[in-house]
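S.K.: Supplied structure: protein13.txt, compact mmCIF, C-alpha atoms and all ligand atoms.
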```txt
# COMPACT_ATOMS: atom_id res chain seq x y z
CA MET A 1 -19.88 -10.97 12.78
CA VAL A 2 -17.00 -12.20 14.86
CA LYS A 3 -13.36 -12.28 13.73
CA ALA A 4 -10.32 -13.50 15.62
CA VAL A 5 -6.65 -12.54 15.48
CA VAL A 6 -4.47 -15.31 16.89
CA GLY A 7 -0.89 -16.59 16.70
CA ALA A 8 0.33 -19.70 14.86
CA ASN A 9 3.48 -20.21 16.87
CA TRP A 10 5.01 -19.34 20.23
CA GLY A 11 3.61 -15.81 20.43
CA ASP A 12 5.15 -12.46 19.48
CA GLU A 13 4.10 -12.96 15.86
CA GLY A 14 2.88 -9.36 15.59
CA LYS A 15 -0.76 -9.91 16.58
CA GLY A 16 -0.94 -6.51 18.29
CA LYS A 17 -0.21 -4.68 15.08
CA ILE A 18 -2.69 -6.77 13.05
CA THR A 19 -5.42 -6.33 15.70
CA ASP A 20 -4.79 -2.60 15.90
CA MET A 21 -5.09 -2.44 12.11
CA MET A 22 -8.25 -4.58 11.93
CA ALA A 23 -9.77 -2.65 14.81
CA ALA A 24 -10.24 0.26 12.40
CA ASN A 25 -13.22 -1.67 11.01
CA ALA A 26 -14.44 -3.25 14.25
CA ASP A 27 -16.86 -2.06 16.91
CA ILE A 28 -15.73 -4.18 19.82
CA ILE A 29 -12.39 -5.80 20.66
CA VAL A 30 -12.31 -8.59 23.23
CA ARG A 31 -9.45 -10.17 25.14
CA PHE A 32 -10.56 -13.72 25.88
CA GLN A 33 -7.68 -15.52 27.66
CA GLY A 34 -4.31 -15.04 29.30
CA GLY A 35 -3.33 -12.16 31.47
CA ALA A 36 -0.61 -9.61 31.92
CA ASN A 37 2.04 -12.26 31.17
CA ALA A 38 2.36 -11.52 27.48
CA GLY A 39 2.45 -8.16 25.81
CA HIS A 40 1.67 -6.54 22.52
CA THR A 41 3.71 -3.75 21.08
CA ILE A 42 1.78 -1.19 19.09
CA VAL A 43 3.10 1.79 17.18
CA ASN A 44 0.62 4.49 16.16
CA ASN A 45 0.16 8.26 15.99
CA TYR A 46 0.19 8.55 19.80
CA GLY A 47 3.55 6.78 20.19
CA LYS A 48 4.80 3.29 20.99
CA PHE A 49 2.94 1.26 23.60
CA ALA A 50 3.47 -2.08 25.30
CA LEU A 51 0.04 -3.37 26.35
CA HIS A 52 -0.35 -6.35 28.64
CA THR A 53 -3.99 -6.36 29.58
CA LEU A 54 -5.82 -3.79 27.47
CA PRO A 55 -7.07 -4.95 24.09
CA SER A 56 -5.24 -3.42 21.13
CA GLY A 57 -8.36 -1.48 20.11
CA VAL A 58 -8.04 1.07 22.90
CA PHE A 59 -6.47 3.62 20.59
CA TYR A 60 -9.62 4.17 18.55
CA SER A 61 -12.45 6.33 19.83
CA HIS A 62 -15.10 4.28 17.99
CA THR A 63 -14.35 0.95 19.68
CA THR A 64 -15.35 -0.66 22.95
CA SER A 65 -12.70 -2.82 24.60
CA ILE A 66 -13.76 -5.84 26.60
CA ILE A 67 -11.88 -7.93 29.13
CA GLY A 68 -13.70 -11.22 28.74
CA ASN A 69 -14.53 -13.86 31.32
CA GLY A 70 -11.61 -16.05 30.16
CA VAL A 71 -8.96 -13.49 31.10
CA ALA A 72 -6.74 -13.59 34.19
CA LEU A 73 -7.58 -10.08 35.35
CA ASN A 74 -4.87 -8.20 37.21
CA ILE A 75 -6.81 -5.18 38.43
CA PRO A 76 -3.93 -2.82 39.41
CA ILE A 77 -2.15 -3.53 36.11
CA LEU A 78 -5.32 -2.83 34.14
CA ILE A 79 -5.91 0.47 35.92
CA ASN A 80 -2.25 1.51 35.54
CA GLU A 81 -2.39 0.71 31.85
CA ILE A 82 -5.53 2.81 31.38
CA ASN A 83 -3.89 5.72 33.23
CA SER A 84 -0.64 5.42 31.31
CA ILE A 85 -2.24 5.61 27.87
CA VAL A 86 -4.48 8.51 28.90
CA GLU A 87 -1.40 10.34 30.21
CA LYS A 88 0.18 10.00 26.76
CA GLY A 89 -2.79 11.78 25.18
CA VAL A 90 -4.94 8.83 24.07
CA PRO A 91 -8.66 9.66 24.60
CA ALA A 92 -10.09 7.70 27.59
CA PRO A 93 -11.06 4.34 26.10
CA LYS A 94 -14.46 2.70 26.66
CA ILE A 95 -13.67 -0.44 28.66
CA LEU A 96 -15.95 -3.16 29.98
CA VAL A 97 -14.83 -5.95 32.28
CA SER A 98 -16.77 -9.21 32.51
CA ASP A 99 -18.44 -9.78 35.87
CA ARG A 100 -17.39 -13.42 35.43
CA ALA A 101 -13.70 -12.71 34.85
CA GLN A 102 -11.53 -13.97 37.67
CA ILE A 103 -8.98 -11.95 39.56
CA VAL A 104 -5.24 -12.46 39.75
CA MET A 105 -4.51 -12.18 43.47
CA PRO A 106 -1.25 -10.92 44.96
CA TYR A 107 -0.59 -14.45 46.25
CA HIS A 108 -0.83 -15.87 42.72
CA ILE A 109 2.11 -13.71 41.75
CA LEU A 110 4.04 -14.77 44.87
CA PHE A 111 3.33 -18.46 44.27
CA ASP A 112 4.52 -18.11 40.68
CA GLN A 113 7.83 -16.65 41.91
CA TYR A 114 8.24 -19.12 44.76
CA GLU A 115 7.55 -22.11 42.53
CA GLU A 116 10.04 -20.99 39.86
CA GLU A 117 12.61 -20.49 42.64
CA ARG A 118 11.88 -23.92 44.03
CA LEU A 119 12.19 -25.58 40.61
CA GLY A 120 15.50 -23.84 39.93
CA LYS A 121 16.99 -25.21 36.73
CA ALA A 122 13.79 -27.12 35.95
CA SER A 123 11.69 -23.92 35.97
CA PHE A 124 9.28 -23.05 33.16
CA GLY A 125 10.71 -19.62 32.43
CA SER A 126 7.46 -18.10 33.69
CA THR A 127 6.97 -14.33 33.45
CA LYS A 128 5.99 -14.60 37.15
CA SER A 129 2.72 -12.80 36.54
CA GLY A 130 0.80 -15.38 38.56
CA ILE A 131 -0.92 -16.94 35.56
CA ALA A 132 -0.37 -20.64 36.30
CA PRO A 133 -1.39 -20.37 39.99
CA PHE A 134 -4.37 -18.26 38.91
CA TYR A 135 -5.72 -20.80 36.42
CA SER A 136 -4.99 -23.65 38.85
CA ASP A 137 -7.25 -21.94 41.38
CA LYS A 138 -9.90 -21.18 38.76
CA TYR A 139 -10.21 -24.85 37.84
CA ALA A 140 -9.87 -25.95 41.46
CA LYS A 141 -12.91 -23.69 42.01
CA ILE A 142 -11.24 -21.51 44.61
CA GLY A 143 -10.74 -18.42 42.46
CA TYR A 144 -12.43 -15.04 42.88
CA GLN A 145 -14.85 -13.84 40.21
CA VAL A 146 -15.23 -10.08 39.76
CA GLN A 147 -18.89 -10.24 40.82
CA GLU A 148 -17.84 -11.69 44.20
CA LEU A 149 -16.11 -8.42 45.06
CA PHE A 150 -19.57 -6.93 45.54
CA ASP A 151 -20.74 -9.55 48.06
CA GLU A 152 -19.21 -8.53 51.37
CA LYS A 153 -20.57 -11.45 53.35
CA LEU A 154 -19.14 -13.97 50.90
CA LEU A 155 -15.77 -12.20 50.80
CA LYS A 156 -15.40 -12.16 54.59
CA GLU A 157 -15.85 -15.92 54.76
CA LYS A 158 -13.88 -16.72 51.65
CA VAL A 159 -10.70 -14.87 52.63
CA VAL A 160 -10.46 -17.02 55.76
CA ARG A 161 -10.68 -20.23 53.72
CA THR A 162 -8.17 -18.90 51.19
CA CYS A 163 -5.64 -18.10 53.92
CA GLU A 164 -6.02 -21.51 55.53
CA GLN A 165 -5.34 -23.22 52.25
CA LYS A 166 -2.55 -21.01 50.94
CA ASN A 167 -0.74 -20.79 54.28
CA VAL A 168 -0.12 -24.54 54.34
CA LEU A 169 1.97 -24.20 51.21
CA LEU A 170 3.58 -20.94 52.29
CA GLU A 171 4.65 -22.38 55.61
CA HIS A 172 5.62 -25.94 54.72
CA LEU A 173 6.61 -25.92 51.06
CA TYR A 174 8.00 -22.45 50.45
CA HIS A 175 8.93 -21.23 53.97
CA LYS A 176 7.66 -17.74 53.24
CA PRO A 177 5.55 -15.14 55.13
CA LEU A 178 1.92 -16.12 55.71
CA LEU A 179 -1.25 -14.40 54.48
CA THR A 180 -3.81 -12.82 56.81
CA PRO A 181 -7.55 -12.57 56.11
CA GLU A 182 -7.61 -8.87 57.09
CA GLU A 183 -4.91 -7.94 54.61
CA LEU A 184 -6.53 -9.97 51.86
CA LEU A 185 -9.93 -8.41 52.52
CA ASN A 186 -8.39 -4.93 52.34
CA THR A 187 -6.81 -5.74 49.01
CA LEU A 188 -10.12 -7.01 47.68
CA HIS A 189 -11.86 -3.81 48.80
CA GLU A 190 -9.26 -1.78 46.93
CA TYR A 191 -9.76 -3.96 43.85
CA ARG A 192 -13.55 -3.57 44.09
CA ASP A 193 -13.31 0.23 44.13
CA MET A 194 -10.87 0.27 41.22
CA ILE A 195 -12.85 -2.06 38.96
CA ALA A 196 -16.45 -1.02 39.83
CA PRO A 197 -16.85 1.54 36.99
CA TYR A 198 -16.04 -1.07 34.35
CA VAL A 199 -17.97 -4.17 35.46
CA CYS A 200 -20.60 -5.47 33.06
CA ASP A 201 -22.46 -8.58 31.94
CA THR A 202 -20.27 -8.65 28.85
CA SER A 203 -21.79 -11.75 27.25
CA ALA A 204 -25.21 -10.03 27.25
CA TYR A 205 -23.57 -6.90 25.84
CA LEU A 206 -21.94 -8.93 23.05
CA TRP A 207 -25.17 -10.80 22.31
CA ASN A 208 -26.97 -7.50 21.79
CA ALA A 209 -24.09 -6.22 19.67
CA LEU A 210 -24.36 -9.29 17.42
CA LYS A 211 -28.08 -8.67 17.00
CA GLU A 212 -27.22 -5.13 15.89
CA ASP A 213 -24.76 -6.50 13.30
CA LYS A 214 -21.71 -5.11 15.02
CA THR A 215 -18.21 -6.42 14.23
CA ILE A 216 -16.45 -8.07 17.14
CA LEU A 217 -12.74 -8.79 17.11
CA LEU A 218 -11.33 -11.46 19.42
CA GLU A 219 -7.73 -10.76 20.30
CA GLY A 220 -5.57 -13.74 21.14
CA GLN A 221 -2.39 -13.82 23.14
CA LEU A 222 0.62 -16.10 22.52
CA GLY A 223 0.06 -18.76 19.85
CA THR A 224 -1.02 -22.34 19.08
CA LEU A 225 2.18 -23.91 20.38
CA LYS A 226 1.53 -22.44 23.84
CA ASP A 227 -1.97 -23.91 24.04
CA PRO A 228 -2.32 -26.19 27.08
CA ASP A 229 -3.97 -28.97 25.02
CA HIS A 230 -2.44 -28.64 21.58
CA GLY A 231 0.88 -26.97 22.35
CA ILE A 232 4.27 -28.15 23.60
CA TYR A 233 2.97 -29.32 26.98
CA PRO A 234 4.15 -28.70 29.68
CA MET A 235 6.01 -25.67 28.32
CA VAL A 236 2.72 -23.98 27.53
CA THR A 237 0.55 -21.26 28.97
CA SER A 238 -2.39 -22.01 31.26
CA SER A 239 -5.35 -20.96 29.11
CA SER A 240 -6.27 -21.85 25.56
CA THR A 241 -4.70 -19.70 22.86
CA LEU A 242 -6.98 -21.02 20.13
CA ALA A 243 -9.57 -18.98 18.25
CA PRO A 244 -12.48 -21.34 19.07
CA TYR A 245 -11.78 -20.77 22.76
CA GLY A 246 -12.27 -17.09 22.02
CA CYS A 247 -16.00 -17.78 21.87
CA ILE A 248 -15.94 -19.28 25.35
CA GLY A 249 -13.58 -16.74 26.86
CA ALA A 250 -15.75 -13.94 25.50
CA GLY A 251 -19.13 -15.62 25.97
CA ILE A 252 -20.43 -15.63 22.39
CA PRO A 253 -21.95 -18.40 20.25
CA ALA A 254 -19.25 -20.38 18.43
CA GLN A 255 -21.02 -20.32 15.06
CA GLU A 256 -20.67 -16.54 14.94
CA LEU A 257 -16.90 -16.81 14.42
CA LYS A 258 -16.49 -16.26 10.66
CA GLN A 259 -12.92 -15.15 10.11
CA VAL A 260 -9.77 -16.40 11.80
CA VAL A 261 -6.67 -14.39 10.96
CA THR A 262 -3.66 -16.38 12.09
CA VAL A 263 -0.50 -14.35 12.41
CA CYS A 264 2.80 -15.93 11.33
CA LYS A 265 6.10 -14.11 11.55
CA ALA A 266 8.53 -14.46 8.61
CA TYR A 267 11.06 -16.07 10.98
CA SER A 268 10.64 -17.69 14.40
CA SER A 269 11.11 -16.47 17.94
CA ALA A 270 10.16 -17.97 21.29
CA VAL A 271 10.45 -17.12 24.95
CA GLY A 272 10.66 -19.49 27.89
CA ALA A 273 11.78 -23.08 27.91
CA GLY A 274 10.75 -25.89 25.55
CA ALA A 275 11.76 -27.53 22.28
CA PHE A 276 12.33 -25.10 19.41
CA VAL A 277 13.42 -27.14 16.40
CA SER A 278 14.47 -24.38 13.99
CA GLU A 279 16.34 -22.44 16.68
CA ILE A 280 19.60 -20.70 15.74
CA PHE A 281 22.42 -19.57 18.00
CA GLY A 282 25.50 -17.38 18.15
CA ASP A 283 26.13 -14.45 15.82
CA GLU A 284 23.47 -15.58 13.37
CA ALA A 285 20.83 -15.42 16.11
CA ASP A 286 22.18 -12.19 17.58
CA GLU A 287 21.93 -10.42 14.28
CA LEU A 288 18.34 -11.56 13.61
CA ARG A 289 17.38 -10.65 17.20
CA ARG A 290 18.91 -7.21 16.91
CA ARG A 291 17.24 -6.49 13.55
CA GLY A 292 13.96 -8.23 14.41
CA GLY A 293 10.55 -6.76 15.22
CA ASP A 294 10.63 -3.03 15.78
CA GLY A 295 13.84 -2.40 17.71
CA GLY A 296 14.86 -5.97 18.41
CA GLU A 297 13.30 -9.21 19.63
CA PHE A 298 13.12 -8.67 23.38
CA GLY A 299 10.15 -9.60 25.60
CA ALA A 300 7.48 -6.90 25.92
CA THR A 301 6.85 -7.90 29.56
CA THR A 302 10.28 -8.96 30.79
CA GLY A 303 12.77 -7.41 28.32
CA ARG A 304 14.33 -10.89 28.02
CA PRO A 305 16.13 -11.61 24.72
CA ARG A 306 13.91 -13.92 22.68
CA ARG A 307 15.18 -17.23 21.30
CA MET A 308 15.49 -16.95 17.52
CA GLY A 309 15.05 -19.37 14.61
CA TRP A 310 14.21 -19.73 10.93
CA PHE A 311 10.63 -20.00 9.74
CA ASP A 312 9.21 -23.38 10.71
CA CYS A 313 6.71 -24.72 8.17
CA VAL A 314 5.95 -27.82 10.26
CA ALA A 315 5.02 -25.84 13.36
CA SER A 316 3.20 -23.15 11.37
CA LYS A 317 1.15 -25.59 9.29
CA TYR A 318 -0.01 -27.23 12.51
CA GLY A 319 -0.38 -23.84 14.19
CA CYS A 320 -2.69 -22.63 11.43
CA ARG A 321 -4.67 -25.86 11.29
CA MET A 322 -5.47 -25.86 15.01
CA GLN A 323 -6.67 -22.25 14.86
CA GLY A 324 -9.19 -22.92 12.06
CA THR A 325 -7.40 -20.36 9.92
CA THR A 326 -9.22 -18.53 7.14
CA ASP A 327 -6.42 -15.99 6.50
CA VAL A 328 -2.73 -15.87 7.31
CA ALA A 329 -1.15 -12.51 8.11
CA PHE A 330 2.57 -12.88 7.37
CA THR A 331 4.49 -10.32 9.39
CA VAL A 332 7.90 -8.73 9.81
CA VAL A 333 8.94 -9.73 6.29
CA ASP A 334 10.94 -6.48 5.96
CA VAL A 335 13.42 -7.64 8.60
CA LEU A 336 14.76 -10.46 6.40
CA GLY A 337 16.01 -8.00 3.74
CA TYR A 338 19.61 -8.25 4.97
CA LEU A 339 20.11 -11.95 4.25
CA ASP A 340 21.81 -13.36 1.14
CA GLU A 341 20.05 -16.66 1.67
CA ILE A 342 17.17 -17.56 3.96
CA PRO A 343 16.92 -21.04 5.47
CA VAL A 344 13.39 -22.40 6.05
CA CYS A 345 12.54 -25.48 8.09
CA VAL A 346 10.36 -27.77 5.95
CA GLY A 347 10.45 -31.01 7.92
CA TYR A 348 11.47 -32.63 11.19
CA GLU A 349 13.79 -35.60 11.26
CA ILE A 350 12.86 -37.83 14.16
CA ASP A 351 14.70 -41.14 14.69
CA GLY A 352 15.85 -41.14 11.07
CA GLU A 353 12.43 -40.40 9.57
CA VAL A 354 11.28 -37.09 8.14
CA THR A 355 7.82 -35.80 8.94
CA THR A 356 5.88 -32.62 8.22
CA ASP A 357 3.35 -33.35 10.97
CA PHE A 358 3.97 -31.58 14.26
CA PRO A 359 4.67 -34.27 16.88
CA VAL A 360 3.94 -34.67 20.61
CA THR A 361 6.49 -33.23 23.00
CA SER A 362 8.58 -36.38 23.62
CA LYS A 363 9.18 -36.76 19.87
CA LEU A 364 9.56 -33.03 19.36
CA GLU A 365 12.52 -33.02 21.69
CA LYS A 366 14.32 -35.44 19.37
CA ALA A 367 13.45 -33.57 16.16
CA LYS A 368 16.16 -32.07 13.97
CA PRO A 369 15.25 -29.46 11.38
CA VAL A 370 15.26 -30.27 7.68
CA LEU A 371 16.23 -26.97 6.08
CA VAL A 372 15.98 -25.67 2.54
CA THR A 373 17.59 -22.40 1.57
CA LEU A 374 15.84 -19.76 -0.49
CA PRO A 375 17.54 -16.75 -2.07
CA GLY A 376 17.20 -13.44 -0.21
CA TRP A 377 16.03 -10.19 -1.82
CA LYS A 378 18.70 -7.93 -0.33
CA CYS A 379 16.73 -4.70 -0.19
CA ASP A 380 14.39 -2.69 2.01
CA ILE A 381 10.74 -3.52 1.25
CA ARG A 382 9.20 -1.06 3.71
CA GLY A 383 6.81 1.38 2.08
CA ILE A 384 5.77 -1.02 -0.69
CA LYS A 385 1.96 -1.15 -0.95
CA LYS A 386 1.31 -3.62 -3.77
CA TYR A 387 2.17 -7.29 -3.85
CA GLU A 388 3.44 -7.08 -7.45
CA ASP A 389 5.92 -4.42 -6.36
CA LEU A 390 7.71 -6.74 -3.93
CA PRO A 391 11.01 -8.14 -5.22
CA GLU A 392 10.60 -11.47 -6.98
CA ASN A 393 12.63 -13.40 -4.40
CA CYS A 394 10.46 -11.98 -1.64
CA ARG A 395 7.27 -13.08 -3.41
CA GLU A 396 8.85 -16.50 -3.94
CA TYR A 397 9.65 -16.75 -0.24
CA ILE A 398 6.02 -15.91 0.63
CA GLU A 399 4.57 -18.28 -1.97
CA PHE A 400 6.90 -21.10 -0.95
CA ILE A 401 5.77 -20.80 2.66
CA GLU A 402 2.12 -20.50 1.68
CA LYS A 403 2.38 -23.78 -0.23
CA GLU A 404 4.15 -25.54 2.65
CA ILE A 405 1.67 -24.45 5.33
CA GLY A 406 -1.41 -24.87 3.13
CA PHE A 407 -3.31 -21.75 4.20
CA PRO A 408 -3.72 -18.52 2.21
CA ILE A 409 -1.43 -15.62 3.06
CA THR A 410 -3.76 -12.70 2.42
CA MET A 411 -1.88 -9.98 4.30
CA ILE A 412 1.82 -9.18 4.34
CA SER A 413 3.18 -6.85 6.97
CA ASN A 414 6.30 -4.96 5.92
CA GLY A 415 6.78 -2.59 8.85
CA PRO A 416 5.51 -1.93 12.37
CA SER A 417 2.87 0.70 11.68
CA ARG A 418 -0.78 0.33 10.79
CA ASP A 419 -0.27 1.28 7.14
CA ASP A 420 2.65 -1.08 6.53
CA ILE A 421 0.42 -3.75 5.07
CA ILE A 422 0.02 -5.37 1.67
CA TYR A 423 -3.29 -7.10 0.90
CA ARG A 424 -3.30 -9.95 -1.57
P1 LIG B 1 2.41 -9.85 19.52
O1 LIG B 1 2.49 -10.18 20.96
O2 LIG B 1 2.06 -11.02 18.67
O3 LIG B 1 1.61 -8.63 19.23
O4 LIG B 1 3.89 -9.51 19.07
P2 LIG B 1 4.89 -8.36 19.53
O5 LIG B 1 4.27 -7.30 20.30
O6 LIG B 1 6.11 -9.02 20.05
O7 LIG B 1 5.16 -7.77 18.09
C1 LIG B 1 6.27 -7.97 17.42
C2 LIG B 1 7.07 -6.71 17.23
O8 LIG B 1 7.19 -6.54 15.85
C3 LIG B 1 6.51 -5.39 17.73
O9 LIG B 1 7.59 -4.60 18.17
C4 LIG B 1 5.85 -4.78 16.50
O10 LIG B 1 5.82 -3.36 16.51
C5 LIG B 1 6.73 -5.27 15.44
N1 LIG B 1 6.11 -5.52 14.16
C6 LIG B 1 4.90 -6.01 13.86
N2 LIG B 1 4.76 -6.18 12.55
C7 LIG B 1 5.94 -5.79 11.99
C8 LIG B 1 6.46 -5.78 10.66
O11 LIG B 1 5.81 -6.16 9.70
N3 LIG B 1 7.74 -5.34 10.51
C9 LIG B 1 8.52 -4.93 11.54
N4 LIG B 1 9.76 -4.54 11.29
N5 LIG B 1 8.08 -4.97 12.81
C10 LIG B 1 6.81 -5.38 13.02
```
Represent the structure of the file as structure tokens.
Ligand code: GDP
M.R.:
Amino acid sequence: MVKAVVGANWGDEGKGKITDMMAANADIIVRFQGGANAGHTIVNNYGKFALHTLPSGVFYSHTTSIIGNGVALNIPILINEINSIVEKGVPAPKILVSDRAQIVMPYHILFDQYEEERLGKASFGSTKSGIAPFYSDKYAKIGYQVQELFDEKLLKEKVVRTCEQKNVLLEHLYHKPLLTPEELLNTLHEYRDMIAPYVCDTSAYLWNALKEDKTILLEGQLGTLKDPDHGIYPMVTSSSTLAPYGCIGAGIPAQELKQVVTVCKAYSSAVGAGAFVSEIFGDEADELRRRGGDGGEFGATTGRPRRMGWFDCVASKYGCRMQGTTDVAFTVVDVLGYLDEIPVCVGYEIDGEVTTDFPVTSKLEKAKPVLVTLPGWKCDIRGIKKYEDLPENCREYIEFIEKEIGFPITMISNGPSRDDIIYR
């Protein structure tokens, strides 16, 4: 059986924690898209970890972690991450890397930086991890698959073509140092030696696992609104963030996906540019940012302060719908305990009309939030294990949002650790 954990919004909903928790009952955890651009923060018995490439299941000795074919694989970052968790006392995880995954090259990272520099004020707010140039090359069919690292003849020819192509841009568009085939080939040799122990035909491995009735967890990065097709284009990421894509990015049959847990945070946050209708500013935002998450809402990759906002029912309803949600995990509810009243965005006013359907980007930019205010619960709900034991106003907040988004909230997260969870 295959399950997915994905985000409903702009990312940072707390997927890492939910995946880590669900991994207790899974055999295999697969990353299926994205790269080292986003990060998960996980708190467990070994400490606090910010993972960028490793699946959140690496902390269990019973799980196998897979980097699927859909991932933008940054080999040095992966190896550093493995070393860093082992150094902190985590048993060496079992990791398999798809032979069809493609490799983030050093020049992808450079192009990401150069392009953001060139765009200046019009930049995307990229994490400069090379993700957009990487996926551009993948779909332009000039990327490097992991399996190609083991074909010396192919590599020798391909690095020459790569340099020819990339150097045109480096010289004439960016005015930056050029690439040389020798240097590139050396890098690829280093990558080959680093990744060799992990390479595997992961779709065959997963197929066999399904035949043996194993439980596979697909771990998404970012959220619906960053999907290149269904998100706030062009302020999106470069690979699909949707659960159905998990089947493609992992290489498993789509009909095996039985449970989609969509993670929604009890308030909103976003990083990077783009419309954010329920955004708040000033002291109100600073306070929520400071109290948010586990130690504040700051980017796991960049440390950038996240943009903050109230819960957005319009975006979340759409976010859940596009994921094919079976369950909503509603996270970070404990953080709202300080508020007397909690505004919630229930509609968008666009050109004088109110809608609850998430619009295309040009309309989204004109949208103003329609807010309702619910009473706060003014207490600390951490440590509560049963839904009935939550304060009434907290249950009303949850039930109000459940009704607005139209998908069942079956898990409520009231703290950063694995056990801070209430099942409904
Ligand atoms: P992800 O990328 O979706 O995994 O999101 P992040 O890594 O940004 O996770 C959000 C942050 O919130 C992390 O620091 C988590 O440890 C923390 N977190 C997750 N769930 C909860 C929760 O229910 N309450 C609190 N206070 N923090 C949480």
S.K.: Which residues are near ligand LIG 1 (chain B) - at most 7 Å, using all atoms listed in the file? Format: as a PyMOL selection string.
M.R.: chain A and resi 7+11-17+38-43+221-222+292-295+299-300+331-335+413-417+420
S.K.: From the list A:Leu339, A:Val314, A:Cys394, A:Ile409, which residue is nearest Thr355 (chain A) when using only C-alpha atoms?
M.R.: A:Val314
S.K.: Quick one: contact table of region 182-285 of chain A to region 323-329 of chain A, 8 Å max, nearest atom pair and distance in Å to one decimal per residue, counting all atoms listed in the file, chain and number order, as CSV?
M.R.:
```
residue,atom,partner,partner_atom,distance
A:Thr224,CA,A:Gln323,CA,7.1
A:Leu242,CA,A:Gln323,CA,5.4
A:Ala243,CA,A:Gln323,CA,5.5
A:Pro244,CA,A:Gln323,CA,7.2
A:Gln259,CA,A:Thr326,CA,5.8
A:Val260,CA,A:Thr325,CA,5.0
A:Val261,CA,A:Asp327,CA,4.7
A:Thr262,CA,A:Val328,CA,4.9
A:Val263,CA,A:Ala329,CA,4.7
A:Cys264,CA,A:Ala329,CA,6.1
```
S.K.: With only C-alpha atoms as the basis for distance, which of A:Ala270, A:Ile398, A:Val344, A:Val277 is at the shortest distance from Met308 (chain A)?
M.R.: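 Among the listed residues, A:Ala270 lies closest to Met308 (chain A).
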S.K.: Determine the nearest neighbour of Ser129 (chain A) from the options A:Gly34, A:Ile216, A:Tyr233, A:Leu225, counting only C-alpha atoms.
M.R.: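 Closest candidate: A:Gly34.
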S.K.: To one decimal place in Å, what is the distance between CA of Leu217 (chain A) and CA of Pro93 (chain A)?
M.R.: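 Pair CA of Leu217 (chain A) / CA of Pro93 (chain A) returns 16.0 Å.
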S.K.: Find the residues near Lys211 (chain A): any atom within 12 Å, counting all atoms listed in the file, skip ones fewer than 6 places away on the same chain, and give them as an MDAnalysis selection string.
M.R.: chainID A and resid 1:2 204:205 252:253 256
S.K.: Phe150 (chain A): which residues within 10 Å, counting all atoms listed in the file, same-chain residues fewer than 3 positions away excluded, as a ChimeraX atom specification?
M.R.: /A:145-147,153-155,188-189,192-193,196
S.K.: Measuring atom to atom with only C-alpha atoms, identify which of A:Val271, A:Met194, A:Cys163, A:Val168 is nearest to Leu149 (chain A).
M.R.: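 Between A:Val271, A:Met194, A:Cys163, A:Val168, the residue approaching Leu149 (chain A) most closely is A:Met194.
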S.K.: Could you check how far CA of Lys265 (chain A) sits from CA of Ala315 (chain A), in Å to one decimal?
M.R.: 11.9 Å
S.K.: In terms of the shortest atom-to-atom distance over only C-alpha atoms, which of A:Ile412, A:Ala23, A:Val90, A:Ala132 is closest to Ala72 (chain A)?
M.R.: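 When distances to Ala72 (chain A) are compared using only C-alpha atoms, the smallest one comes from A:Ala132.
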S.K.: I'd like the contact shell of Tyr107 (chain A) - 9 Å cut-off, only C-alpha atoms, skipping same-chain residues fewer than 4 positions apart - returned as a list of chain:residue names.
M.R.: A:Phe111, A:Asp112, A:Gly130, A:Pro133, A:Lys166, A:Leu179
S.K.: Which residues are close to Asp227 (chain A), i.e. within 10 Å by only C-alpha atoms, leaving aside same-chain residues fewer than 2 positions away? Reply as a list of chain:residue names.
M.R.: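 Using only C-alpha atoms, the neighbours found are A:Asn9, A:Trp10, A:Leu222, A:Gly223, A:Thr224, A:Leu225, A:Asp229, A:His230, A:Gly231, A:Ile232, A:Tyr233, A:Pro234, A:Met235, A:Val236, A:Thr237, A:Ser238, A:Ser239, A:Ser240, A:Thr241, A:Leu242, A:Gly319, A:Met322.
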S.K.: My list of candidates is A:Ala4, A:Ile67, A:Leu371, A:Leu257. Which is closest to Gly309 (chain A) when distances are computed with all atoms listed in the file?
M.R.: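 Smallest separation from Gly309 (chain A) among the options: A:Leu371.
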S.K.: Give me, as a list of chain:residue names, all polymer residues having an atom no more than 9 Å from Leu364 (chain A), counting only C-alpha atoms and skipping those fewer than 2 positions away in the same chain.
M.R.: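 The residues that qualify are A:Ile232, A:Ala275, A:Phe276, A:Val277, A:Tyr348, A:Ile350, A:Phe358, A:Pro359, A:Val360, A:Thr361, A:Ser362, A:Lys366, A:Ala367, A:Lys368.
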S.K.: Between CA of Val160 (chain A) and CA of Asp99 (chain A), measure the distance and give it in Å to one decimal.
M.R.: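 Pair CA of Val160 (chain A) / CA of Asp99 (chain A) returns 22.6 Å.
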S.K.: Can you tell me, as a list in words, which residues sit within 8 Å of (-6.7, -12.3, 36.7) in the file's frame, using only C-alpha atoms?
M.R.: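 So the residues meeting the distance criterion are Gly35, Val71, Ala72, Leu73, Asn74, Ile75, Ala101, Gln102, Ile103, Val104, Met105, Ile131 and Phe134 of chain A.
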S.K.: I need the residues from that last selection saved to file as a short mmCIF file (atom, residue, chain, number, x, y, z; two decimals), in the coordinates of the input (with C-alpha atoms), if you can.
M.R.:
```
data_model
loop_
_atom_site.label_atom_id
_atom_site.label_comp_id
_atom_site.auth_asym_id
_atom_site.auth_seq_id
_atom_site.Cartn_x
_atom_site.Cartn_y
_atom_site.Cartn_z
CA GLY A 35 -3.33 -12.16 31.47
CA VAL A 71 -8.96 -13.49 31.10
CA ALA A 72 -6.74 -13.59 34.19
CA LEU A 73 -7.58 -10.08 35.35
CA ASN A 74 -4.87 -8.20 37.21
CA ILE A 75 -6.81 -5.18 38.43
CA ALA A 101 -13.70 -12.71 34.85
CA GLN A 102 -11.53 -13.97 37.67
CA ILE A 103 -8.98 -11.95 39.56
CA VAL A 104 -5.24 -12.46 39.75
CA MET A 105 -4.51 -12.18 43.47
CA ILE A 131 -0.92 -16.94 35.56
CA PHE A 134 -4.37 -18.26 38.91
#
```
